[in-house]
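A.B. asks: Provided herewith is a single structure, encoded as structure tokens, for subsequent inquiry.
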Amino acid sequence: MPTTAISTIEDKKRLVRRLAGSGRGFAEQYGFRVTNNPSSLFQLLCLAVLLARRGDFRRALDSAHALPDAGWDSAARLARSLHADRVRALRDSGQRGDVDALADLLGDLARTVVEQYRGDLRQLRSAAHYDPARERALLTALPGVDAQVADLFLREVQALWREVAPVADRRALAAARRLGLGRSAEDLAGLAGGGESERLAWLVGALARIDLERRYAELAG
């Protein structure tokens, strides 16, 4: 398991190429599409809300998949779902704790996205005039979306919404520090190739996955 920071820029770039080599970000690695359409964007936002909760991240992934599996693959469809059905789907996917509150939150989130943006988060982006700070402000005004959730969502969509880059969530930064790749999203962007937001999304997604799955030993040597 690596315990010493990588010291040379050549070694850092070599590791970055290895980590970003899959050509897929975090969500894509776990079976979620990252495309700039209303359904995909809303599913990524729900995934971010679930990942931000305490507990096993695999449970969050299962619950995020359970929503479209139940037919709620868009904000409009989730907004029309019954509370009892959402509770059942979440419990069946392994959610624990106050599942009723989580079901309420997801319903409120869906209804708000429908009411304010016609179910299309691209309209949020337009309303923000493509300004990253404004996009964050509008995101965190949504039910259940705090700064951590916004980071998780923007970590994925920076490949599409290039103006928000660079974004790295706390898991990705924890792995970056441990592996000697830097301490900020800007550090990672420099190693990933400057303005290549897609490559940066792949890199930070791989780093977050390594930290969540405790896969550091695979990178030894």
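We label chains A, B, ... in the order they appear in the structure tokens, count residues from 1 in each chain, and number ligands from 1 in the order shown.
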So which residues touch stretch 95-110 of chain A within 8 Å, counting only C-alpha atoms, skipping near sequence neighbours fewer than 6 positions away, as a ChimeraX atom specification?
C.D. replies: /A:46,59-60,63,75-76,78-79,81,83,86-87,119,142-144
A.B. asks: Create the file for the chosen residues now, containing C-alpha atoms and written as a PDB file, in the first residue's frame.
C.D. replies:
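What landed in result-v4.pdb:
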ATOM      1  CA  CYS A  46     -30.303  11.485  -7.125  1.00  0.00           C
ATOM      2  CA  ARG A  59     -26.286   0.712  -0.705  1.00  0.00           C
ATOM      3  CA  ALA A  60     -26.461   4.193  -2.210  1.00  0.00           C
ATOM      4  CA  SER A  63     -30.891   2.677  -4.281  1.00  0.00           C
ATOM      5  CA  ALA A  75     -37.848  14.078 -12.346  1.00  0.00           C
ATOM      6  CA  ALA A  76     -41.368  14.108 -13.774  1.00  0.00           C
ATOM      7  CA  LEU A  78     -40.438  10.424  -9.706  1.00  0.00           C
ATOM      8  CA  ALA A  79     -42.565  13.467  -8.871  1.00  0.00           C
ATOM      9  CA  SER A  81     -44.688   8.452  -7.678  1.00  0.00           C
ATOM     10  CA  HIS A  83     -44.597   8.020  -1.149  1.00  0.00           C
ATOM     11  CA  ARG A  86     -40.712   5.126  -2.913  1.00  0.00           C
ATOM     12  CA  VAL A  87     -40.345   3.823   0.645  1.00  0.00           C
ATOM     13  CA  GLY A 119     -37.743  18.523 -14.993  1.00  0.00           C
ATOM     14  CA  LEU A 142     -32.862  22.448  -4.202  1.00  0.00           C
ATOM     15  CA  PRO A 143     -34.257  20.140  -1.470  1.00  0.00           C
ATOM     16  CA  GLY A 144     -31.600  17.809  -0.081  1.00  0.00           C
TER      17      GLY A 144
END
A.B. asks: Stretch 126-214 of chain A near stretch 18-37 of chain A within 8 Å: what's each residue's closest atom pair and its distance in Å to one decimal, counting only C-alpha atoms, ordered by chain then ascending residue number, as a Markdown table?
C.D. replies:
| residue | atom | partner | partner_atom | distance |
| --- | --- | --- | --- | --- |
| A:Glu156 | CA | A:Gly25 | CA | 6.7 |
| A:Val157 | CA | A:Val34 | CA | 7.1 |
| A:Leu160 | CA | A:Asn36 | CA | 6.5 |
| A:Arg199 | CA | A:Ala20 | CA | 6.6 |
| A:Leu200 | CA | A:Ala20 | CA | 7.8 |
| A:Ala201 | CA | A:Gly25 | CA | 5.6 |
| A:Trp202 | CA | A:Gly25 | CA | 4.1 |
| A:Leu203 | CA | A:Ala20 | CA | 4.7 |
| A:Val204 | CA | A:Gly25 | CA | 7.5 |
| A:Gly205 | CA | A:Phe26 | CA | 4.0 |
| A:Ala206 | CA | A:Leu19 | CA | 5.9 |
| A:Leu207 | CA | A:Leu19 | CA | 7.5 |
| A:Ala208 | CA | A:Phe26 | CA | 7.3 |
| A:Arg209 | CA | A:Phe26 | CA | 6.6 |
A.B. asks: Can you write out the residues you just picked, keeping N, CA, C and O atoms, as a short mmCIF file (atom, residue, chain, number, x, y, z; two decimals), in the first residue's frame?
C.D. replies:
data_model
loop_
_atom_site.label_atom_id
_atom_site.label_comp_id
_atom_site.auth_asym_id
_atom_site.auth_seq_id
_atom_site.Cartn_x
_atom_site.Cartn_y
_atom_site.Cartn_z
N GLU A 156 -19.30 14.64 -11.67
CA GLU A 156 -19.67 13.85 -12.84
C GLU A 156 -19.94 14.73 -14.06
O GLU A 156 -19.48 14.43 -15.16
N VAL A 157 -20.72 15.80 -13.88
CA VAL A 157 -21.17 16.57 -15.05
C VAL A 157 -20.14 17.57 -15.55
O VAL A 157 -20.37 18.19 -16.60
N LEU A 160 -19.43 17.38 -19.04
CA LEU A 160 -20.43 17.94 -19.95
C LEU A 160 -20.56 19.45 -19.78
O LEU A 160 -20.69 20.18 -20.77
N ARG A 199 -11.31 14.37 -19.14
CA ARG A 199 -10.22 13.57 -18.56
C ARG A 199 -10.13 13.79 -17.05
O ARG A 199 -9.88 12.85 -16.29
N LEU A 200 -10.37 15.02 -16.61
CA LEU A 200 -10.36 15.30 -15.17
C LEU A 200 -11.50 14.54 -14.49
O LEU A 200 -11.31 14.00 -13.39
N ALA A 201 -12.67 14.48 -15.11
CA ALA A 201 -13.79 13.73 -14.53
C ALA A 201 -13.43 12.26 -14.39
O ALA A 201 -13.78 11.62 -13.39
N TRP A 202 -12.74 11.71 -15.37
CA TRP A 202 -12.32 10.31 -15.27
C TRP A 202 -11.34 10.13 -14.11
O TRP A 202 -11.43 9.16 -13.35
N LEU A 203 -10.41 11.07 -13.99
CA LEU A 203 -9.40 10.97 -12.94
C LEU A 203 -10.01 11.06 -11.55
O LEU A 203 -9.76 10.20 -10.69
N VAL A 204 -10.83 12.08 -11.31
CA VAL A 204 -11.38 12.24 -9.96
C VAL A 204 -12.36 11.11 -9.64
O VAL A 204 -12.49 10.69 -8.49
N GLY A 205 -13.05 10.61 -10.66
CA GLY A 205 -13.93 9.47 -10.44
C GLY A 205 -13.15 8.24 -10.02
O GLY A 205 -13.56 7.51 -9.10
N ALA A 206 -12.02 8.00 -10.67
CA ALA A 206 -11.17 6.86 -10.31
C ALA A 206 -10.62 7.02 -8.90
O ALA A 206 -10.57 6.06 -8.12
N LEU A 207 -10.22 8.23 -8.54
CA LEU A 207 -9.68 8.47 -7.21
C LEU A 207 -10.75 8.25 -6.13
O LEU A 207 -10.48 7.64 -5.09
N ALA A 208 -11.96 8.75 -6.39
CA ALA A 208 -13.04 8.55 -5.42
C ALA A 208 -13.34 7.07 -5.25
O ALA A 208 -13.57 6.59 -4.13
N ARG A 209 -13.33 6.34 -6.35
CA ARG A 209 -13.61 4.90 -6.28
C ARG A 209 -12.52 4.17 -5.49
O ARG A 209 -12.82 3.28 -4.69
#
A.B. asks: Using only C-alpha atoms, which of A:Gln123, A:Lys13, A:Thr8, A:Leu138 sits nearest A:Gly190?
C.D. replies: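 Checking each of A:Gln123, A:Lys13, A:Thr8, A:Leu138 against A:Gly190, counting only C-alpha atoms, the winner is A:Lys13.
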A.B. asks: From the set A:Arg162, A:Arg155, A:Lys12, A:Arg88, which residue has the shortest atom-to-atom contact distance to A:Ala66, counting only C-alpha atoms?
C.D. replies: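 Looking at the shortest contact to A:Ala66, the residue is A:Arg88.
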A.B. asks: Find the residue from A:Ala165, A:Ala137, A:Ala217, A:Leu212 that sits nearest to A:Ala192; use only C-alpha atoms when measuring.
C.D. replies: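 Once distances to A:Ala192 are computed over only C-alpha atoms, the minimum belongs to A:Ala165.
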A.B. asks: With distances taken over only C-alpha atoms, which of A:Ile210, A:Leu188, A:Ala150, A:Ala175 is nearest to A:Ile9?
C.D. replies: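 Answer, going by the shortest atom-to-atom distance: A:Leu188.
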A.B. asks: Can you list, as a ChimeraX atom specification, every residue of stretch 15-198 of chain A that DSSP puts in alpha helix (DSSP H)?
C.D. replies: /A:15-19,26-29,38-51,57-69,75-79,83-92,99-117,121-127,132-140,147-157,170-179,185-192,197-198
A.B. asks: In Å, how far is it from atom CA of A:Ala64 to atom CA of A:Thr140?
C.D. replies: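 Result for atom CA of A:Ala64 versus atom CA of A:Thr140: 19.5 Å, one decimal.
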A.B. asks: Mind giving me the straight-line distance from atom CA of A:Pro132 to atom CA of A:Trp161 in Å, one decimal?
C.D. replies: 9.2 Å
A.B. asks: Skip A:Ser184 itself and residues of its chain fewer than 5 positions away, then list as a list in words all residues within 9 Å of it, counting only C-alpha atoms.
C.D. replies: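 Selected residues are Val167, Ala168, Leu173, Ala176, Arg177 and Ala189 of chain A.
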A.B. asks: Include N, CA, C and O atoms and write out the residues we just selected as a compact mmCIF listing (two decimals), in the first residue's frame.
C.D. replies:
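Now in result-v2.txt:
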# COMPACT_ATOMS: atom_id res chain seq x y z
N VAL A 167 -13.53 20.20 -10.58
CA VAL A 167 -14.27 19.77 -9.40
C VAL A 167 -13.71 18.45 -8.92
O VAL A 167 -13.54 17.51 -9.71
N ALA A 168 -13.45 18.36 -7.64
CA ALA A 168 -13.04 17.10 -7.02
C ALA A 168 -13.70 17.02 -5.65
O ALA A 168 -13.62 17.98 -4.87
N LEU A 173 -10.12 13.87 -3.31
CA LEU A 173 -9.00 14.64 -2.76
C LEU A 173 -8.26 13.85 -1.69
O LEU A 173 -7.03 13.96 -1.57
N ALA A 176 -6.08 11.61 -3.64
CA ALA A 176 -5.01 12.38 -4.28
C ALA A 176 -3.91 12.71 -3.29
O ALA A 176 -2.72 12.58 -3.60
N ARG A 177 -4.29 13.13 -2.08
CA ARG A 177 -3.28 13.44 -1.07
C ARG A 177 -2.48 12.19 -0.69
O ARG A 177 -1.26 12.25 -0.58
N ALA A 189 -6.30 18.98 -12.01
CA ALA A 189 -6.55 19.47 -13.36
C ALA A 189 -5.24 19.66 -14.12
O ALA A 189 -5.14 19.36 -15.32
A.B. asks: List as a PDB file with all heavy atoms, in the first residue's frame the protein and nucleic acid residues near A:Val49, meaning an atom at most 8 Å away when only C-alpha atoms are counted, but skip any in the same chain fewer than 3 places from it.
C.D. replies:
ATOM      1  N   LEU A  45     -28.127  13.437 -10.155  1.00  0.00           N
ATOM      2  CA  LEU A  45     -28.399  14.235  -8.954  1.00  0.00           C
ATOM      3  C   LEU A  45     -28.924  13.350  -7.832  1.00  0.00           C
ATOM      4  O   LEU A  45     -28.506  13.500  -6.675  1.00  0.00           O
ATOM      5  CB  LEU A  45     -29.389  15.342  -9.283  1.00  0.00           C
ATOM      6  CG  LEU A  45     -29.686  16.323  -8.144  1.00  0.00           C
ATOM      7  CD1 LEU A  45     -28.414  17.029  -7.666  1.00  0.00           C
ATOM      8  CD2 LEU A  45     -30.731  17.354  -8.570  1.00  0.00           C
ATOM      9  N   CYS A  46     -29.810  12.429  -8.142  1.00  0.00           N
ATOM     10  CA  CYS A  46     -30.303  11.485  -7.125  1.00  0.00           C
ATOM     11  C   CYS A  46     -29.156  10.630  -6.595  1.00  0.00           C
ATOM     12  O   CYS A  46     -29.071  10.373  -5.384  1.00  0.00           O
ATOM     13  CB  CYS A  46     -31.402  10.606  -7.706  1.00  0.00           C
ATOM     14  SG  CYS A  46     -32.960  11.457  -8.004  1.00  0.00           S
ATOM     15  N   ALA A  52     -24.144  10.961  -0.621  1.00  0.00           N
ATOM     16  CA  ALA A  52     -23.770  11.874   0.462  1.00  0.00           C
ATOM     17  C   ALA A  52     -24.249  11.380   1.825  1.00  0.00           C
ATOM     18  O   ALA A  52     -23.790  11.880   2.856  1.00  0.00           O
ATOM     19  CB  ALA A  52     -24.328  13.270   0.183  1.00  0.00           C
ATOM     20  N   ARG A  53     -25.160  10.415   1.850  1.00  0.00           N
ATOM     21  CA  ARG A  53     -25.657   9.880   3.115  1.00  0.00           C
ATOM     22  C   ARG A  53     -24.611   8.971   3.752  1.00  0.00           C
ATOM     23  O   ARG A  53     -23.779   8.374   3.075  1.00  0.00           O
ATOM     24  CB  ARG A  53     -26.945   9.084   2.876  1.00  0.00           C
ATOM     25  CG  ARG A  53     -28.130   9.955   2.530  1.00  0.00           C
ATOM     26  CD  ARG A  53     -29.302   9.129   2.059  1.00  0.00           C
ATOM     27  NE  ARG A  53     -29.741   8.132   3.039  1.00  0.00           N
ATOM     28  CZ  ARG A  53     -30.580   8.363   4.031  1.00  0.00           C
ATOM     29  NH1 ARG A  53     -31.074   9.579   4.199  1.00  0.00           N
ATOM     30  NH2 ARG A  53     -30.931   7.407   4.867  1.00  0.00           N
ATOM     31  N   GLY A 144     -32.547  18.898  -0.278  1.00  0.00           N
ATOM     32  CA  GLY A 144     -31.600  17.809  -0.081  1.00  0.00           C
ATOM     33  C   GLY A 144     -30.253  17.998  -0.725  1.00  0.00           C
ATOM     34  O   GLY A 144     -29.397  17.106  -0.650  1.00  0.00           O
ATOM     35  N   VAL A 145     -30.014  19.135  -1.359  1.00  0.00           N
ATOM     36  CA  VAL A 145     -28.742  19.370  -2.049  1.00  0.00           C
ATOM     37  C   VAL A 145     -27.921  20.381  -1.257  1.00  0.00           C
ATOM     38  O   VAL A 145     -28.245  21.565  -1.216  1.00  0.00           O
ATOM     39  CB  VAL A 145     -28.961  19.868  -3.491  1.00  0.00           C
ATOM     40  CG1 VAL A 145     -27.620  20.088  -4.181  1.00  0.00           C
ATOM     41  CG2 VAL A 145     -29.799  18.880  -4.279  1.00  0.00           C
ATOM     42  N   VAL A 149     -23.345  17.386  -1.780  1.00  0.00           N
ATOM     43  CA  VAL A 149     -24.119  16.819  -2.885  1.00  0.00           C
ATOM     44  C   VAL A 149     -23.779  17.535  -4.193  1.00  0.00           C
ATOM     45  O   VAL A 149     -23.612  16.895  -5.238  1.00  0.00           O
ATOM     46  CB  VAL A 149     -25.629  16.894  -2.597  1.00  0.00           C
ATOM     47  CG1 VAL A 149     -26.434  16.456  -3.818  1.00  0.00           C
ATOM     48  CG2 VAL A 149     -25.990  16.035  -1.398  1.00  0.00           C
TER      49      VAL A 149
END
A.B. asks: How many Å separate atom CA of A:Leu15 from atom CA of A:Gln158?
C.D. replies: 21.3 Å
A.B. asks: Would you mind listing what lies within 10 Å of A:Tyr130 as a PyMOL selection string, with only C-alpha atoms counted and same-chain residues fewer than 5 positions away left out?
C.D. replies: chain A and resi 122+124-125+135+161-164
A.B. asks: Counting only C-alpha atoms, which residue out of A:Asp151, A:Glu213, A:Glu186, A:Glu218 sits closest to A:Asp169?
C.D. replies: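 Using only C-alpha atoms, the shortest distance to A:Asp169 belongs to A:Asp151.
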